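One structure is given here, and the rest of the page talks about it.
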Amino acid sequence: QVQLEESGGGTAKAGGSLRLSCAASGGTTRSYCLGWFRQVPGKGREKVASIDCDGATIYVDSVKGRFTVSQDAAKTTLYLQMNSLRREDTAMYYCAARHHTQSRYNYWGQGTPVTVSS
């Protein structure tokens with residue numbers, strides 16, 4: 001079973017940048033596909049970006065061209081480089097994993113908060 005721990009959240013001004021990291025451990029990390037989700041109070045969790053197990057990257061339209069998801073070769077760390085931040089990017093960001101045989105993300109980190117100020 002994989003464990004996930006996010007870091008790198010904080011406060012940035014609109015137009016600024018932040019980089020999130022997610023350390024994956026336990027199990028066979030290469031068997032898992034990782035992604036980033038975010039959630040604001042009162043709303044459902046939104047998938048922001050992910051890397052499929054075949055390496056393809058997927059982004060929600062609102063972050064295309066601004067955010068970049070990447071991971072190290074060992075698939076033990078997932079990153080989210082967030083540039084040109086907007087106030088609407090303010091949310092709790094979660095790292096998630098799904099086994100490559102599953103379609104649902106079943107493993108979650110505790111989350112890291114991102115606040116974008118004007």
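FYI, nothing fancy with the structure tokens labels: chains A, B, ... in order, residues from 1 per chain, ligands from 1 as they appear.
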Taking 5 positions as the minimum chain separation for residues in the same chain, which residues sit within 8 Å of Ala97 (chain A) when counting only C-alpha atoms? Answer as a PyMOL selection string. chain A and resi 2+32-35+105-108
**Study point:** All residues 8 Å or closer to region 67-71 of chain A, only C-alpha atoms, same chain fewer than 6 positions away omitted, as number ranges by chain
**Key:** A: 49-51, 57, 77-83
CA of Arg86 (chain A) sits from CA of Gly111 (chain A) at a separation of 19.2 Å
Quick one: everything within 12 Å of Glu6 (chain A), counting only C-alpha atoms, minus sequence neighbours fewer than 6 positions away in the same chain. Send it as a PyMOL selection string. chain A and resi 19-25+35-37+76-80+92-96+108-114
